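J.: Okay, so here is work_28.txt, and as you'll see once you scroll down, it has compact mmCIF, C-alpha atoms.
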# COMPACT_ATOMS: atom_id res chain seq x y z
CA MET B 9 -6.65 0.94 -73.46
CA ALA B 10 -3.07 -0.29 -73.62
CA ASP B 11 -2.32 1.50 -70.38
CA SER B 12 -5.29 -0.26 -68.75
CA GLN B 13 -4.08 -3.72 -69.87
CA ALA B 14 -0.55 -3.00 -68.70
CA TYR B 15 -1.91 -1.89 -65.32
CA ARG B 16 -3.97 -5.08 -64.96
CA ARG B 17 -0.98 -7.27 -65.88
CA LYS B 18 1.17 -5.45 -63.35
CA PHE B 19 -1.57 -5.76 -60.70
CA PHE B 20 -1.98 -9.53 -61.18
CA THR B 21 1.81 -10.04 -61.35
CA ASN B 22 2.32 -8.20 -58.04
CA ASN B 23 -0.50 -10.17 -56.43
CA LEU B 24 0.97 -13.48 -57.61
CA ILE B 25 4.37 -12.53 -56.23
CA PHE B 26 2.75 -11.48 -52.93
CA LEU B 27 0.77 -14.74 -52.70
CA GLY B 28 3.90 -16.74 -53.52
CA LEU B 29 5.82 -15.03 -50.73
CA CYS B 30 2.96 -15.68 -48.27
CA LEU B 31 2.91 -19.36 -49.25
CA LEU B 32 6.68 -19.60 -48.81
CA ILE B 33 6.45 -18.00 -45.35
CA LEU B 34 3.68 -20.41 -44.32
CA LEU B 35 5.72 -23.40 -45.47
CA LEU B 36 8.73 -22.16 -43.49
CA VAL B 37 6.59 -21.58 -40.37
CA TYR B 38 5.05 -25.06 -40.55
CA GLY B 39 8.46 -26.62 -41.14
CA VAL B 40 10.00 -24.91 -38.12
CA ALA B 41 6.96 -25.71 -35.98
CA ASP B 42 7.19 -29.38 -36.95
CA THR B 43 10.92 -29.47 -36.19
CA LEU B 44 10.49 -27.84 -32.78
CA SER B 45 7.29 -29.66 -31.90
CA GLY B 46 7.33 -30.56 -28.20
CA LYS B 47 10.74 -28.94 -27.66
CA LYS B 48 11.99 -25.92 -25.76
CA ILE B 49 14.49 -23.35 -26.84
CA ASP B 50 16.79 -22.64 -23.91
CA MET B 51 17.62 -18.94 -23.92
CA THR B 52 18.73 -18.73 -20.26
CA ALA B 53 22.29 -17.58 -19.54
CA ASP B 54 23.15 -20.74 -17.55
CA GLU B 55 21.27 -23.10 -19.91
CA VAL B 56 19.00 -24.19 -17.08
CA TYR B 57 16.73 -26.15 -19.42
CA THR B 58 19.52 -27.91 -21.35
CA VAL B 59 20.41 -31.41 -20.12
CA SER B 60 24.19 -31.69 -19.72
CA ASP B 61 26.30 -34.39 -21.38
CA PRO B 62 27.22 -36.13 -18.06
CA THR B 63 23.52 -36.44 -17.18
CA ARG B 64 22.81 -37.82 -20.65
CA ASP B 65 25.51 -40.44 -20.09
CA ILE B 66 23.95 -41.43 -16.76
CA LEU B 67 20.50 -41.81 -18.33
CA ASN B 68 21.79 -43.64 -21.40
CA ASN B 69 23.62 -46.19 -19.23
CA LEU B 70 20.66 -47.15 -17.04
CA ILE B 71 20.21 -50.92 -16.90
CA ASP B 72 17.02 -51.30 -14.85
CA LYS B 73 14.01 -49.05 -14.45
CA VAL B 74 14.29 -45.92 -12.31
CA ARG B 75 10.94 -44.61 -11.07
CA VAL B 76 10.36 -40.99 -10.13
CA ASP B 77 7.24 -39.97 -8.20
CA TYR B 78 6.53 -36.24 -8.10
CA TYR B 79 4.16 -35.45 -5.23
CA VAL B 80 2.64 -32.04 -5.94
CA SER B 81 -0.66 -30.33 -5.15
CA SER B 82 -2.96 -29.79 -8.12
CA GLU B 83 -5.30 -27.19 -6.59
CA ASN B 84 -4.82 -23.70 -5.14
CA LEU B 85 -1.30 -23.45 -6.50
CA PRO B 86 0.08 -19.89 -6.76
CA SER B 87 0.69 -18.82 -10.35
CA SER B 88 4.46 -18.61 -9.75
CA PHE B 89 4.52 -22.22 -8.59
CA GLN B 90 2.49 -23.47 -11.55
CA THR B 91 5.45 -22.60 -13.80
CA ILE B 92 7.76 -24.72 -11.63
CA VAL B 93 5.37 -27.67 -11.83
CA ARG B 94 5.15 -27.38 -15.63
CA ASP B 95 8.93 -27.10 -16.09
CA THR B 96 9.50 -30.02 -13.73
CA GLY B 97 7.16 -32.21 -15.76
CA ASP B 98 8.96 -31.15 -18.95
CA MET B 99 12.32 -32.16 -17.46
CA PHE B 100 10.98 -35.55 -16.38
CA GLU B 101 9.65 -36.14 -19.90
CA GLU B 102 13.01 -35.22 -21.44
CA PHE B 103 14.79 -37.55 -19.00
CA ARG B 104 12.39 -40.33 -20.00
CA GLU B 105 13.10 -39.81 -23.70
CA ILE B 106 16.89 -39.67 -23.22
CA SER B 107 16.84 -42.87 -21.13
CA GLY B 108 14.83 -44.72 -23.76
CA GLY B 109 12.01 -45.28 -21.29
CA LYS B 110 14.27 -46.62 -18.51
CA LEU B 111 13.26 -43.65 -16.36
CA GLU B 112 9.55 -43.64 -15.57
CA TYR B 113 7.75 -40.84 -13.77
CA ARG B 114 4.36 -40.12 -12.26
CA VAL B 115 2.88 -36.82 -11.11
CA ARG B 116 0.75 -37.47 -8.02
CA ASP B 117 -1.42 -35.28 -5.84
CA PRO B 118 -1.08 -36.50 -2.21
CA ASP B 119 -4.57 -35.23 -1.40
CA ASP B 120 -6.08 -37.26 -4.25
CA ASP B 121 -3.99 -40.30 -3.28
CA ALA B 122 -5.14 -39.93 0.33
CA ASP B 123 -8.79 -39.80 -0.80
CA GLU B 124 -8.37 -42.91 -2.95
CA TYR B 125 -6.55 -44.77 -0.18
CA ALA B 126 -9.16 -43.81 2.42
CA GLN B 127 -12.12 -44.85 0.25
CA LYS B 128 -10.54 -48.24 -0.39
CA GLN B 129 -9.76 -48.80 3.29
CA VAL B 130 -13.24 -47.74 4.42
CA THR B 131 -14.86 -50.15 1.95
CA GLU B 132 -12.68 -53.02 3.20
CA TYR B 133 -13.36 -51.96 6.80
CA PHE B 134 -17.13 -52.38 6.50
CA GLU B 135 -16.77 -55.57 4.45
CA VAL B 136 -14.77 -57.14 7.28
CA LYS B 137 -17.25 -55.80 9.85
CA ALA B 138 -20.15 -57.33 7.88
CA ARG B 139 -18.51 -60.76 8.29
CA GLY B 140 -18.70 -60.37 12.08
CA VAL B 141 -14.97 -59.73 12.50
CA ASP B 142 -13.42 -56.71 14.22
CA PRO B 143 -11.73 -54.69 11.44
CA LYS B 144 -8.27 -53.21 11.80
CA GLU B 145 -8.49 -49.62 12.99
CA PRO B 146 -6.52 -46.73 11.43
CA GLU B 147 -3.29 -46.05 13.24
CA PRO B 148 -3.72 -42.92 15.41
CA VAL B 149 -1.58 -39.92 14.48
CA GLN B 150 1.50 -39.70 16.70
CA THR B 151 1.58 -36.26 18.32
CA ILE B 152 4.67 -34.69 19.89
CA GLU B 153 3.03 -34.97 23.31
CA MET B 154 2.52 -38.70 22.84
CA LEU B 155 6.14 -39.19 21.77
CA PHE B 156 7.64 -37.28 24.71
CA SER B 157 5.24 -38.59 27.33
CA GLN B 158 5.65 -42.16 26.03
CA ARG B 159 1.93 -42.53 26.46
CA LYS B 160 0.58 -45.92 25.44
CA PRO B 161 -1.43 -45.64 22.19
CA PRO B 162 -5.18 -46.30 22.47
CA SER B 163 -6.45 -49.81 21.83
CA SER B 164 -8.68 -50.67 18.86
CA GLU B 165 -11.70 -50.80 21.16
CA GLU B 166 -10.92 -47.35 22.59
CA ILE B 167 -10.54 -45.93 19.06
CA ARG B 168 -13.93 -47.36 18.01
CA ASN B 169 -15.63 -46.05 21.15
CA GLN B 170 -14.16 -42.55 20.71
CA ARG B 171 -15.28 -42.46 17.07
CA ASP B 172 -18.75 -43.73 17.97
CA GLN B 173 -19.18 -41.06 20.68
CA ALA B 174 -17.96 -38.30 18.34
CA ALA B 175 -20.32 -39.50 15.59
CA SER B 176 -23.28 -39.43 18.00
CA LYS B 177 -22.54 -35.83 19.08
CA ILE B 178 -22.02 -34.53 15.52
CA ALA B 179 -25.10 -36.33 14.20
CA ALA B 180 -27.25 -34.86 16.98
CA SER B 181 -25.96 -31.31 16.52
CA GLN B 182 -26.12 -31.31 12.69
CA GLY B 183 -29.20 -33.46 12.22
CA ARG B 184 -27.34 -36.00 10.08
CA PRO B 185 -27.56 -39.81 10.14
CA LYS B 186 -25.07 -41.26 12.58
CA ASP B 187 -23.86 -43.91 10.12
CA GLU B 188 -23.02 -41.20 7.59
CA VAL B 189 -21.06 -39.20 10.17
CA TYR B 190 -19.29 -42.33 11.41
CA ARG B 191 -18.19 -43.19 7.87
CA SER B 192 -16.98 -39.63 7.32
CA LEU B 193 -14.90 -39.67 10.51
CA LEU B 194 -13.42 -43.04 9.59
CA THR B 195 -12.50 -41.72 6.13
CA ASP B 196 -10.71 -38.72 7.66
CA GLU B 197 -8.74 -41.02 9.95
CA PHE B 198 -7.53 -43.14 7.04
CA LYS B 199 -6.56 -39.97 5.15
CA GLU B 200 -4.46 -38.82 8.11
CA GLN B 201 -2.88 -42.28 8.33
CA TYR B 202 -1.85 -42.07 4.66
CA LYS B 203 -0.40 -38.56 5.06
CA GLN B 204 1.46 -39.60 8.20
CA LYS B 205 3.16 -42.36 6.19
CA LEU B 206 4.17 -39.77 3.59
CA GLU B 207 5.50 -37.54 6.36
CA GLN B 208 7.64 -40.39 7.65
CA ASP B 209 9.18 -40.49 4.15
CA GLN B 210 9.86 -36.71 4.35
CA ILE B 211 7.02 -35.92 1.94
CA VAL B 212 5.26 -33.02 3.65
CA SER B 213 3.40 -29.89 2.66
CA PHE B 214 4.99 -26.47 3.19
CA PRO B 215 3.65 -22.89 3.16
CA ILE B 216 3.93 -20.55 0.17
CA THR B 217 3.08 -16.86 0.36
CA GLU B 218 1.92 -15.03 -2.76
CA SER B 219 0.92 -11.43 -3.37
CA GLU B 220 -2.08 -11.16 -5.65
CA ALA B 221 -4.15 -8.09 -6.55
CA GLY B 222 -2.85 -6.16 -3.56
CA SER B 223 -3.59 -8.97 -1.11
CA ILE B 224 -1.34 -11.60 0.43
CA ARG B 225 -2.39 -15.20 0.74
CA GLN B 226 -0.61 -18.20 2.19
CA VAL B 227 -1.32 -21.75 1.11
CA ARG B 228 0.22 -25.09 1.96
CA VAL B 229 1.34 -27.17 -1.00
CA TYR B 230 3.12 -30.42 -1.65
CA SER B 231 6.19 -30.54 -3.88
CA SER B 232 8.42 -33.53 -3.12
CA ILE B 233 10.22 -36.04 -5.32
CA ARG B 234 10.90 -39.71 -4.61
CA ILE B 235 13.44 -41.63 -6.74
CA SER B 236 13.19 -45.44 -6.52
CA TYR B 237 15.40 -48.18 -7.96
CA LEU B 238 14.90 -51.92 -7.53
CA ASP B 239 14.46 -52.76 -3.83
CA ARG B 240 16.90 -50.16 -2.54
CA GLN B 241 16.03 -47.41 -0.08
CA PRO B 242 14.47 -44.58 -2.16
CA GLU B 243 16.08 -41.17 -2.39
CA ILE B 244 13.86 -38.23 -1.39
CA ILE B 245 13.95 -34.56 -2.35
CA PRO B 246 11.72 -33.30 0.49
CA VAL B 247 11.07 -29.77 -0.82
CA HIS B 248 11.33 -28.97 -4.53
CA TYR B 249 10.71 -25.30 -5.28
CA SER B 250 13.27 -24.39 -7.96
CA ILE B 251 14.08 -25.76 -11.41
CA GLU B 252 17.68 -24.46 -11.42
CA ASN B 253 19.29 -27.32 -9.44
CA LEU B 254 16.83 -30.07 -10.32
CA GLU B 255 19.00 -31.75 -12.95
CA TYR B 256 21.90 -32.12 -10.50
CA GLU B 257 19.61 -33.26 -7.67
CA LEU B 258 18.07 -35.97 -9.84
CA ALA B 259 21.27 -37.11 -11.55
CA SER B 260 23.28 -37.35 -8.32
CA ARG B 261 20.58 -39.41 -6.61
CA ILE B 262 20.20 -41.70 -9.63
CA VAL B 263 23.97 -42.32 -9.56
CA LYS B 264 23.82 -43.04 -5.84
CA LEU B 265 20.96 -45.53 -6.27
CA THR B 266 22.23 -47.34 -9.36
CA THR B 267 25.93 -47.67 -8.49
CA GLU B 268 26.70 -51.27 -7.57
CA THR B 269 30.14 -50.67 -6.04
CA LYS B 270 31.39 -47.26 -4.98
CA SER B 271 34.72 -46.07 -6.33
CA VAL B 272 37.41 -45.97 -3.63
CA ILE B 273 39.05 -42.67 -2.75
CA ALA B 274 42.06 -42.54 -0.43
CA VAL B 275 42.44 -39.34 1.59
CA PHE B 276 45.53 -38.15 3.41
CA ASP B 277 45.48 -35.18 5.80
CA ALA B 278 49.02 -34.17 6.73
CA ARG B 279 47.79 -31.95 9.56
CA LYS B 280 45.40 -34.37 11.20
CA PRO B 281 46.31 -34.67 14.91
CA ALA B 282 47.75 -38.02 15.84
CA THR B 283 45.59 -40.34 17.91
CA PRO B 284 46.79 -40.41 21.54
CA PRO B 285 48.75 -43.60 22.34
CA MET B 286 47.14 -46.32 24.38
CA ASN B 287 47.59 -45.81 28.11
CA PRO B 288 48.14 -49.17 29.89
CA MET B 289 46.71 -47.67 33.07
CA ASN B 290 43.54 -46.72 31.21
CA PRO B 291 42.56 -49.51 28.79
CA MET B 292 39.56 -47.56 27.55
CA GLN B 293 39.70 -46.96 23.78
CA GLN B 294 41.10 -43.51 23.01
CA PRO B 295 38.88 -41.27 20.89
CA GLN B 296 39.90 -40.88 17.24
CA SER B 297 41.36 -37.51 16.28
CA GLN B 298 39.12 -35.43 14.01
CA SER B 299 40.42 -34.07 10.72
CA GLU B 300 39.73 -30.47 9.72
CA TYR B 301 38.32 -31.96 6.53
CA ALA B 302 35.95 -34.40 8.25
CA GLY B 303 32.97 -32.57 6.77
CA ILE B 304 34.38 -32.87 3.25
CA TRP B 305 35.18 -36.56 3.70
CA GLY B 306 31.62 -37.07 4.97
CA ALA B 307 30.15 -35.39 1.90
CA LEU B 308 32.31 -37.55 -0.39
CA ARG B 309 31.04 -40.70 1.35
CA GLU B 310 27.61 -40.04 -0.15
CA PHE B 311 28.98 -41.20 -3.51
CA PHE B 312 32.39 -42.80 -2.84
CA ASP B 313 34.06 -45.31 -0.56
CA VAL B 314 36.41 -42.98 1.34
CA ARG B 315 39.42 -44.52 3.10
CA GLU B 316 41.71 -42.41 5.28
CA VAL B 317 45.38 -43.34 4.96
CA ALA B 318 48.38 -42.11 6.99
CA LEU B 319 51.04 -42.92 4.34
CA THR B 320 53.19 -44.55 7.00
CA GLU B 321 54.49 -48.05 7.49
CA GLY B 322 51.54 -50.35 8.11
CA ASP B 323 49.12 -47.78 6.71
CA SER B 324 50.50 -47.12 3.23
CA LEU B 325 48.86 -47.16 -0.19
CA ASP B 326 50.20 -50.70 -0.72
CA ASP B 327 48.53 -51.78 2.52
CA LEU B 328 45.26 -50.18 1.42
CA ILE B 329 45.38 -51.85 -2.01
CA THR B 330 46.08 -55.22 -0.36
CA THR B 331 42.99 -54.68 1.84
CA LEU B 332 40.88 -53.74 -1.20
CA LYS B 333 42.14 -56.82 -3.05
CA GLY B 334 41.08 -59.00 -0.14
CA GLU B 335 37.63 -57.37 0.02
CA LYS B 336 37.17 -57.91 -3.72
CA PHE B 337 38.05 -61.59 -3.34
CA GLU B 338 35.49 -61.94 -0.54
CA ARG B 339 32.77 -60.30 -2.64
CA GLU B 340 33.44 -62.59 -5.58
CA ASN B 341 33.88 -65.72 -3.44
CA ASP B 342 31.28 -65.72 -0.68
CA ASP B 343 31.95 -69.34 0.33
CA ALA B 344 35.76 -69.11 0.28
CA ASP B 345 37.63 -69.78 3.52
CA ASP B 346 40.60 -67.91 4.99
CA ASP B 347 43.11 -70.28 3.37
CA ALA B 348 41.71 -69.54 -0.09
CA LYS B 349 41.83 -65.84 0.62
CA GLY B 350 45.42 -66.13 1.82
CA LYS B 351 46.49 -67.94 -1.35
CA ALA B 352 44.81 -65.25 -3.47
CA LEU B 353 46.88 -62.58 -1.70
CA GLU B 354 50.16 -64.49 -1.81
CA GLY B 355 51.04 -63.10 -5.22
CA GLY B 356 51.29 -59.60 -3.81
CA ILE B 357 50.08 -56.50 -5.59
CA GLN B 358 49.71 -56.80 -9.34
CA PRO B 359 49.48 -53.84 -11.79
CA ALA B 360 45.76 -54.51 -12.28
CA ASP B 361 45.19 -54.18 -8.52
CA PHE B 362 45.94 -50.46 -8.64
CA LYS B 363 42.63 -49.98 -10.48
CA LEU B 364 40.90 -50.78 -7.18
CA LEU B 365 41.91 -47.31 -5.99
CA SER B 366 40.51 -44.45 -8.07
CA VAL B 367 41.94 -41.28 -6.50
CA LEU B 368 44.35 -40.14 -3.80
CA VAL B 369 43.46 -36.82 -2.19
CA VAL B 370 46.36 -35.14 -0.38
CA ALA B 371 45.50 -32.25 1.96
CA GLN B 372 48.17 -29.73 3.13
CA PRO B 373 51.27 -31.93 2.63
CA HIS B 374 53.78 -29.46 4.11
CA ASP B 375 56.18 -32.01 5.59
CA LEU B 376 55.32 -35.02 3.45
Here is the file; what I need is its structure written in the form of structure tokens.
T.:
Amino acid sequence: MADSQAYRRKFFTNNLIFLGLCLLILLLVYGVADTLSGKKIDMTADEVYTVSDPTRDILNNLIDKVRVDYYVSSENLPSSFQTIVRDTGDMFEEFREISGGKLEYRVRDPDDDADEYAQKQVTEYFEVKARGVDPKEPEPVQTIEMLFSQRKPPSSEEIRNQRDQAASKIAASQGRPKDEVYRSLLTDEFKEQYKQKLEQDQIVSFPITESEAGSIRQVRVYSSIRISYLDRQPEIIPVHYSIENLEYELASRIVKLTTETKSVIAVFDARKPATPPMNPMNPMQQPQSQSEYAGIWGALREFFDVREVALTEGDSLDDLITTLKGEKFERENDDADDDAKGKALEGGIQPADFKLLSVLVVAQPHDL
């Protein structure tokens, strides 16, 4: 009997310990889940999903709203591309949180937008027509043949007549009401007009090939990003198909859009060929000599104000700083005349003026 009681006590004690451990594990699991709720753990070697400190600084210092529109197809996406779409949305959401809501984003399907746009335009079209006024016709799609042949685009009356004739033929062959066919054709034209406007902004669909169950299929999808800021010309990422470089692509374009005044970089190329002297017998302007680093200087101009300097008399750093000082005075005093500008420059270069020049890049200074 004693053995039986001891066994029962041991049994219940073990069960209580087991239940206590299970409860502790559950509490730990729920605590970790709550802590990591909505977050990702970046286990990639290059920390692809971790926002860098410079990008955080850019987002934290935003003054006005930056809007990001992600144009991406929502149907018939290959499975491999669905992951890119999801990760892209996650990055946008993280950018929004870091910026404190200064960065706003929308995920848009161009096909859905085209449908919505076309329906609205068709409704307005027939409302105008009901008032006895000729409605504005959709702009015809510009084909390559039309561009090269410089053919005059059809008039509104010609467009209406062509649509009316096409509607009559389709209605007769398919046994459908002509008005229904006419409306359908008009809707398609407005859809094409909307997509042509997107194409002019470099937002176009592109083909993706995917192997699935032993078969190969090719579909056309949209995946483009537009970054807008105030009334400035938007920045476009025409084709987005990889998450690896997205942070840099977004951050660099945000910097380009939001920077009020570009930092000035002076560049000196010791091996740049000298410009041929002016020939009195040939007063035509001599072509400027090209630097071997012209491509690099061009890339820097995307983000900086690049000034080439010869480091010679009349084209020295002091001369450049004097020019920058004058330009700054003009920006800050739009209505100032030349005399006021001259007086502002009379004092010469002051220590504070050197801040107008951020960097001097010296290339191959063998004989400098």
J.: Compare B:Glu220, B:Asp326, B:Asp119, B:Asp343 by their minimum atom-to-atom distance to Pro359 (chain B), counting only C-alpha atoms, and give me the closest one.
T.: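 Of B:Glu220, B:Asp326, B:Asp119, B:Asp343, the one nearest Pro359 (chain B) is B:Asp326, counting only C-alpha atoms.
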J.: Residues around (6.2, -42.7, -3.5), cut-off 10 Å, counting all atoms listed in the file - what are they as a VMD selection string?
T.: chain B and resid 75 to 79 114 116 118 206 209 211 232 to 236 242 244
J.: Considering all atoms listed in the file, return as a list in words whatever protein or nucleic-acid residues lie within 10 Å of Asp95 (chain B), sequence-local ones (same chain, fewer than 6 positions apart) excluded.
T.: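 Result of the neighbour search: Tyr57, Phe89, Glu101, Ser250 and Ile251 of chain B.
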J.: Would you mind reading off the distance between CA of Glu340 (chain B) and CA of Leu364 (chain B), one decimal, in Å?
T.: 14.1 Å
J.: Report, in Å to a single decimal, how far apart CA of Val275 (chain B) and CA of Ile262 (chain B) are.
T.: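 These atoms are spaced 25.0 Å apart.
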J.: Which of these, B:Glu200, B:Asp61, B:Glu321, B:Glu112, has the shortest distance to Tyr256 (chain B) once you count all atoms listed in the file?
T.: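 Looking only at the distances to Tyr256 (chain B), the closest residue turns out to be B:Asp61.
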J.: If I take CA of Glu218 (chain B) and CA of His248 (chain B), how far is one from the other in Å, to one decimal?
T.: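 Separating CA of Glu218 (chain B) from CA of His248 (chain B) is a distance of 16.9 Å.
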J.: I'd like the contact shell of Ser107 (chain B) - 12 Å cut-off, only C-alpha atoms, skipping same-chain residues fewer than 5 positions apart - returned as a list of chain:residue names.
T.: B:Thr63, B:Arg64, B:Asp65, B:Ile66, B:Leu67, B:Asn68, B:Asn69, B:Leu70, B:Ile71, B:Asp72, B:Lys73, B:Val74, B:Arg75, B:Phe100, B:Glu101, B:Glu102, B:Glu112, B:Tyr113
J.: Quick one: everything within 7 Å of Lys186 (chain B), counting only C-alpha atoms, minus sequence neighbours fewer than 5 positions away in the same chain. Send it as number ranges by chain.
T.: B: 175-176, 179
J.: In the coordinates of the file, take the point (43.9, -54.0, -6.1) and a cut-off of 12 Å; then, counting all atoms listed in the file, name each qualifying protein, DNA or RNA residue as a PyMOL selection string.
T.: chain B and resi 272+325-337+352-353+355-366
J.: Nearest to Val370 (chain B): which of B:Arg228, B:Arg184, B:Arg279, B:Arg139 is it, counting all atoms listed in the file?
T.: B:Arg279
J.: Taking all atoms listed in the file into account, which of B:Pro62, B:Pro185, B:Ile92, B:Asp313 comes nearest Leu254 (chain B)?
T.: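 Selected residue with least distance to Leu254 (chain B): B:Ile92.
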J.: Pick from B:Leu29, B:Ile273, B:Val189, B:Ala344: nearest to Arg315 (chain B), with all atoms listed in the file counted?
T.: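 Looking only at the distances to Arg315 (chain B), the closest residue turns out to be B:Ile273.
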J.: If we count all atoms listed in the file, what is near Phe276 (chain B) at a cut-off of 9 Å, once residues fewer than 6 positions away on the same chain are taken out, given as number ranges by chain?
T.: B: 315-319, 368-373
